[in-house]
Amino acid sequence: MICPEPSELQELVRLWHQQARPWLPAGSGSRLSWGAPVRPAPGEQKPLVVGTAQLNRLVEHCVGDFTVTVQAGMPLQSLQHDLAAAGQWLAIDWPWGSGPGGENSGTVGGLVARGLAGGLRQRYLGVRDQLIGIQLLRADGTAAKAGGKVVKNVAGYDLMRLLCGSWGSLALITELTLRTYPLPRHRGGLLVQGSLAALEQLRRRCLASALMPQRLDWWSPALAGNGQTALLLSLASVSSAAITDQLAQHCSAAAALDLDTKQLDCDQVLALEERGRQGQSDWLLQLGVRPAQAVELLAHPALEGVACSLAAGVGLGMAWAAAAELPSYRVQQLREHCAALGGQLSVLQQPPSPTPLLCWQASPASRVIEAVKREFDPLQQLARGRLPGVVQTGRIT
């Protein structure tokens with residue numbers, strides 16, 4: 001991976017465009033193995049990877065406006081640390097395999113390029129909903145931007161949503177403006193275990209409560225332990241009394257449903273949230289179903305023994321397992337079951353195999369996606385073979 005100086009980056013990209021040389025935009029390179037494999041140029045063993053480690057500055061933090069502008073290569077961990085000093089944070093889940101205590105959080109640009117959202121989406125929506133402005137380099141070296149630096153910006157085409165979740169296939173993200181939130185003053189939570197039917201009743205009640213949960217995640221038995229499915233409920237508020245009152249109501253409702261409940265303080269909530277994004281992973285799967293269908297997904301035999309955390313209000317989550325615990329045919333069964341429920345499954349990481357599974361299957365909008373790709377990258381230079389929603393077969397030359 002090469003990491004050019006900011007002053008050199010644009011000319012380098014222009015030169016590669018003149019040479020029609022393929023390359024892969026990246027952040028720190030911490031998750032290059034995720035997603036569909038990238039095809040190298042003819043005659044090369046590996047794709048050329050361009051990182052943004054030199055684009056690592058916090059450009060502007062407007063504390064009163066609750067916005068922050070950063071270069072795309074700034075580590076997420078560093079940004080959250082700087083925001084915390086001002087009593088704010090990005091309300092975005094840490095990427096799977098990382099957290100506030102580790103160094104593997106990746107960059108802000110990489111987070112946006114993947115576009116993955118976790119349990120915090122319950123209250124704060126997804127990554128793309130946090131974006132206010134974006135700057136990028138097209139494949140021909142042209143600099144472009146969209147959005148602005150204020151929350152109520154609505155001018156122009158919403159280019160930001162195209163780039164969020166594009167996996168480096170459309171452009172290199174160079175700068176981002178995102179909204180921030182006040183750090184929660186008080187937190188508390190519950191870990192509730194029992195039958196799926198009873199937990200589903202509690203899920204519906206939690207989502208209808210006066211204090212919107214900060215997080216409400218389904219945990220599979222392999223993640224929760226004790227051979228039972230669980231709900232992890234996290235509440236955040238400026239008022240400790242509000243949290244105490246809500247927890248008491250949820251505990252009472254859980255008891256009426258004959259569910260086992262463990263009350264959690266702030267540190268325990270944070271520890272369990274970290275547990276919900278860590279583990280041994282040869283397989284790493286992104287799952288998505290309608291929220292009301294999550295119970296059917298969690299009950300499927302193919303998920304037995306697989307750690308899974310699923311945002312209960314939106315039906316999105318991650319599952320992971322070692323190769324010995326999860327044969328590929330069960331992953332295919334799980335994918336088919338997700339599709340039958342109206343959802344989907346993406347294989348972000350998998351063990352070596354002579355017949356690997358597709359990362360993602362063809363989207364109904366694949367023709368539109370390919371048309372957008374041609375407009376952004378007519379020479380097909382960027383992230384060859386990695387176009388979300390499109391199954392690319394054969395070798396691109």
# chains A, B, ... in the order shown; residues from 1 in each chain; ligands from 1
$ residues_around --residues "Leu79 in chain A" --least-positions-apart "6" --cutoff "12 Å" --atoms "only C-alpha atoms" --output "number ranges by chain"
A: 56-61, 68-73, 85-86, 88-92, 100, 105-109, 178, 180
$ residues_around --residues "Thr177 in chain A" --least-positions-apart "2" --cutoff "8 Å" --atoms "only C-alpha atoms" --output "PDB file with all heavy atoms, in the first residue's frame"
ATOM      1  N   THR A  67     -20.986  19.934  14.401  1.00  0.00           N
ATOM      2  CA  THR A  67     -20.445  19.376  13.158  1.00  0.00           C
ATOM      3  C   THR A  67     -18.928  19.290  13.273  1.00  0.00           C
ATOM      4  O   THR A  67     -18.301  20.064  14.010  1.00  0.00           O
ATOM      5  CB  THR A  67     -20.806  20.223  11.929  1.00  0.00           C
ATOM      6  OG1 THR A  67     -20.198  21.511  12.030  1.00  0.00           O
ATOM      7  CG2 THR A  67     -22.316  20.371  11.781  1.00  0.00           C
ATOM      8  N   VAL A  68     -18.350  18.367  12.532  1.00  0.00           N
ATOM      9  CA  VAL A  68     -16.904  18.240  12.488  1.00  0.00           C
ATOM     10  C   VAL A  68     -16.481  17.913  11.054  1.00  0.00           C
ATOM     11  O   VAL A  68     -17.148  17.140  10.366  1.00  0.00           O
ATOM     12  CB  VAL A  68     -16.404  17.152  13.470  1.00  0.00           C
ATOM     13  CG1 VAL A  68     -16.916  15.757  13.084  1.00  0.00           C
ATOM     14  CG2 VAL A  68     -14.888  17.145  13.562  1.00  0.00           C
ATOM     15  N   THR A  69     -15.403  18.549  10.605  1.00  0.00           N
ATOM     16  CA  THR A  69     -14.843  18.286   9.279  1.00  0.00           C
ATOM     17  C   THR A  69     -13.461  17.682   9.453  1.00  0.00           C
ATOM     18  O   THR A  69     -12.611  18.248  10.160  1.00  0.00           O
ATOM     19  CB  THR A  69     -14.749  19.589   8.453  1.00  0.00           C
ATOM     20  OG1 THR A  69     -16.054  20.151   8.307  1.00  0.00           O
ATOM     21  CG2 THR A  69     -14.165  19.310   7.073  1.00  0.00           C
ATOM     22  N   VAL A  70     -13.251  16.518   8.831  1.00  0.00           N
ATOM     23  CA  VAL A  70     -11.982  15.809   8.971  1.00  0.00           C
ATOM     24  C   VAL A  70     -11.519  15.308   7.613  1.00  0.00           C
ATOM     25  O   VAL A  70     -12.327  15.072   6.708  1.00  0.00           O
ATOM     26  CB  VAL A  70     -12.102  14.600   9.926  1.00  0.00           C
ATOM     27  CG1 VAL A  70     -12.493  15.043  11.314  1.00  0.00           C
ATOM     28  CG2 VAL A  70     -13.092  13.571   9.407  1.00  0.00           C
ATOM     29  N   LEU A 131     -23.717  12.058   7.489  1.00  0.00           N
ATOM     30  CA  LEU A 131     -22.913  12.833   6.550  1.00  0.00           C
ATOM     31  C   LEU A 131     -23.578  14.159   6.203  1.00  0.00           C
ATOM     32  O   LEU A 131     -24.764  14.202   5.895  1.00  0.00           O
ATOM     33  CB  LEU A 131     -22.703  12.043   5.255  1.00  0.00           C
ATOM     34  CG  LEU A 131     -21.575  11.013   5.225  1.00  0.00           C
ATOM     35  CD1 LEU A 131     -21.625  10.236   3.931  1.00  0.00           C
ATOM     36  CD2 LEU A 131     -20.225  11.680   5.391  1.00  0.00           C
ATOM     37  N   ILE A 132     -22.785  15.213   6.224  1.00  0.00           N
ATOM     38  CA  ILE A 132     -23.267  16.540   5.847  1.00  0.00           C
ATOM     39  C   ILE A 132     -22.562  17.031   4.588  1.00  0.00           C
ATOM     40  O   ILE A 132     -23.146  17.700   3.748  1.00  0.00           O
ATOM     41  CB  ILE A 132     -23.055  17.533   7.004  1.00  0.00           C
ATOM     42  CG1 ILE A 132     -23.811  17.071   8.243  1.00  0.00           C
ATOM     43  CG2 ILE A 132     -23.501  18.941   6.607  1.00  0.00           C
ATOM     44  CD1 ILE A 132     -23.466  17.856   9.478  1.00  0.00           C
ATOM     45  N   GLY A 133     -21.281  16.711   4.460  1.00  0.00           N
ATOM     46  CA  GLY A 133     -20.518  17.131   3.290  1.00  0.00           C
ATOM     47  C   GLY A 133     -19.434  16.127   2.965  1.00  0.00           C
ATOM     48  O   GLY A 133     -18.992  15.361   3.830  1.00  0.00           O
ATOM     49  N   ILE A 134     -19.002  16.122   1.704  1.00  0.00           N
ATOM     50  CA  ILE A 134     -17.987  15.173   1.277  1.00  0.00           C
ATOM     51  C   ILE A 134     -17.141  15.786   0.170  1.00  0.00           C
ATOM     52  O   ILE A 134     -17.634  16.579  -0.641  1.00  0.00           O
ATOM     53  CB  ILE A 134     -18.649  13.860   0.780  1.00  0.00           C
ATOM     54  CG1 ILE A 134     -17.624  12.735   0.647  1.00  0.00           C
ATOM     55  CG2 ILE A 134     -19.380  14.061  -0.540  1.00  0.00           C
ATOM     56  CD1 ILE A 134     -18.250  11.354   0.460  1.00  0.00           C
ATOM     57  N   GLY A 148     -22.270  20.367   2.413  1.00  0.00           N
ATOM     58  CA  GLY A 148     -21.665  21.565   2.971  1.00  0.00           C
ATOM     59  C   GLY A 148     -21.212  21.330   4.391  1.00  0.00           C
ATOM     60  O   GLY A 148     -20.801  20.220   4.741  1.00  0.00           O
ATOM     61  N   LYS A 149     -21.327  22.340   5.227  1.00  0.00           N
ATOM     62  CA  LYS A 149     -20.859  22.240   6.611  1.00  0.00           C
ATOM     63  C   LYS A 149     -21.953  22.574   7.616  1.00  0.00           C
ATOM     64  O   LYS A 149     -21.677  22.848   8.777  1.00  0.00           O
ATOM     65  CB  LYS A 149     -19.659  23.165   6.832  1.00  0.00           C
ATOM     66  CG  LYS A 149     -18.422  22.733   6.038  1.00  0.00           C
ATOM     67  CD  LYS A 149     -17.206  23.565   6.391  1.00  0.00           C
ATOM     68  CE  LYS A 149     -15.978  23.058   5.639  1.00  0.00           C
ATOM     69  NZ  LYS A 149     -14.765  23.832   5.977  1.00  0.00           N
ATOM     70  N   GLU A 175     -12.237  14.061   2.150  1.00  0.00           N
ATOM     71  CA  GLU A 175     -12.628  14.870   3.310  1.00  0.00           C
ATOM     72  C   GLU A 175     -14.113  14.678   3.595  1.00  0.00           C
ATOM     73  O   GLU A 175     -14.905  14.464   2.667  1.00  0.00           O
ATOM     74  CB  GLU A 175     -12.317  16.342   3.046  1.00  0.00           C
ATOM     75  CG  GLU A 175     -12.497  17.247   4.269  1.00  0.00           C
ATOM     76  CD  GLU A 175     -12.023  18.675   4.009  1.00  0.00           C
ATOM     77  OE1 GLU A 175     -10.793  18.854   3.824  1.00  0.00           O
ATOM     78  OE2 GLU A 175     -12.874  19.588   3.966  1.00  0.00           O
ATOM     79  N   ARG A 179     -22.120  15.131  11.403  1.00  0.00           N
ATOM     80  CA  ARG A 179     -22.762  15.715  12.578  1.00  0.00           C
ATOM     81  C   ARG A 179     -22.259  15.011  13.835  1.00  0.00           C
ATOM     82  O   ARG A 179     -21.898  13.824  13.806  1.00  0.00           O
ATOM     83  CB  ARG A 179     -24.284  15.617  12.473  1.00  0.00           C
ATOM     84  CG  ARG A 179     -24.853  14.219  12.598  1.00  0.00           C
ATOM     85  CD  ARG A 179     -26.373  14.274  12.592  1.00  0.00           C
ATOM     86  NE  ARG A 179     -26.872  14.621  11.265  1.00  0.00           N
ATOM     87  CZ  ARG A 179     -28.019  15.264  11.051  1.00  0.00           C
ATOM     88  NH1 ARG A 179     -28.758  15.658  12.067  1.00  0.00           N
ATOM     89  NH2 ARG A 179     -28.426  15.511   9.829  1.00  0.00           N
TER      90      ARG A 179
END
$ select_by_dssp --residues "range 134-227 of chain A" --states "strand (DSSP E or B)" --output "MDAnalysis selection string"
chainID A and resid 134:137 143:147 172:179 181:182 186:194 215:219
$ residues_around --residues "Leu190 in chain A" --least-positions-apart "3" --cutoff "9 Å" --atoms "only C-alpha atoms" --output "list in words"
Leu231, Leu232, Leu233, Ser234, Leu235, Leu247, His250, Cys251, Thr261, Lys262, Gln263, Leu264, Asp265 and Val269 of chain A
$ closest_residue --among "A:Gln193, A:Gln249, A:Gln228, A:Thr174" --to "Arg205 in chain A" --atoms "only C-alpha atoms"
A:Gln249
$ residues_around --residues "Arg204 in chain A" --least-positions-apart "2" --cutoff "10 Å" --atoms "only C-alpha atoms" --output "MDAnalysis selection string"
chainID A and resid 199:202 206:209 291:292 312:313
$ write_last_selection --atoms "C-alpha atoms" --output "short mmCIF file (atom, residue, chain, number, x, y, z; two decimals), in the first residue's frame"
data_model
loop_
_atom_site.label_atom_id
_atom_site.label_comp_id
_atom_site.auth_asym_id
_atom_site.auth_seq_id
_atom_site.Cartn_x
_atom_site.Cartn_y
_atom_site.Cartn_z
CA LEU A 199 -38.36 -11.64 23.81
CA GLU A 200 -40.19 -10.52 20.68
CA GLN A 201 -43.02 -9.15 22.84
CA LEU A 202 -40.49 -7.28 24.95
CA CYS A 206 -39.14 -1.37 24.20
CA LEU A 207 -39.42 0.24 20.78
CA ALA A 208 -42.72 1.84 21.78
CA SER A 209 -41.42 3.20 25.09
CA PRO A 291 -37.23 -6.30 12.02
CA ALA A 292 -40.35 -8.42 12.48
CA ALA A 312 -33.65 -5.30 16.77
CA GLY A 313 -35.22 -2.11 15.50
#
$ residues_around --residues "range 357-359 of chain A" --least-positions-apart "4" --cutoff "8 Å" --atoms "only C-alpha atoms" --output "PyMOL selection string"
chain A and resi 35-36+328+332+346-348+391
$ atom_distance --atom1 "CA of Ala53 in chain A" --atom2 "CA of Cys3 in chain A"
5.9 Å
$ atom_distance --atom1 "CA of Leu55 in chain A" --atom2 "CA of Met74 in chain A"
6.6 Å
$ closest_residue --among "A:Gly343, A:Gly101, A:Gly87, A:Pro47" --to "Pro184 in chain A" --atoms "only C-alpha atoms"
A:Gly87
$ atom_distance --atom1 "CA of Gln19 in chain A" --atom2 "CA of Arg31 in chain A"
27.4 Å
$ select_by_dssp --residues "range 161-245 of chain A" --states "alpha helix (DSSP H)" --output "list in words"
Arg161, Leu162, Leu163, Leu196, Ala197, Ala198, Leu199, Glu200, Gln201, Leu202, Arg203, Arg204, Arg205, Cys206, Leu207, Pro221, Ala222, Leu223, Ala224, Ser240, Ala241, Ala242, Ile243, Thr244 and Asp245 of chain A
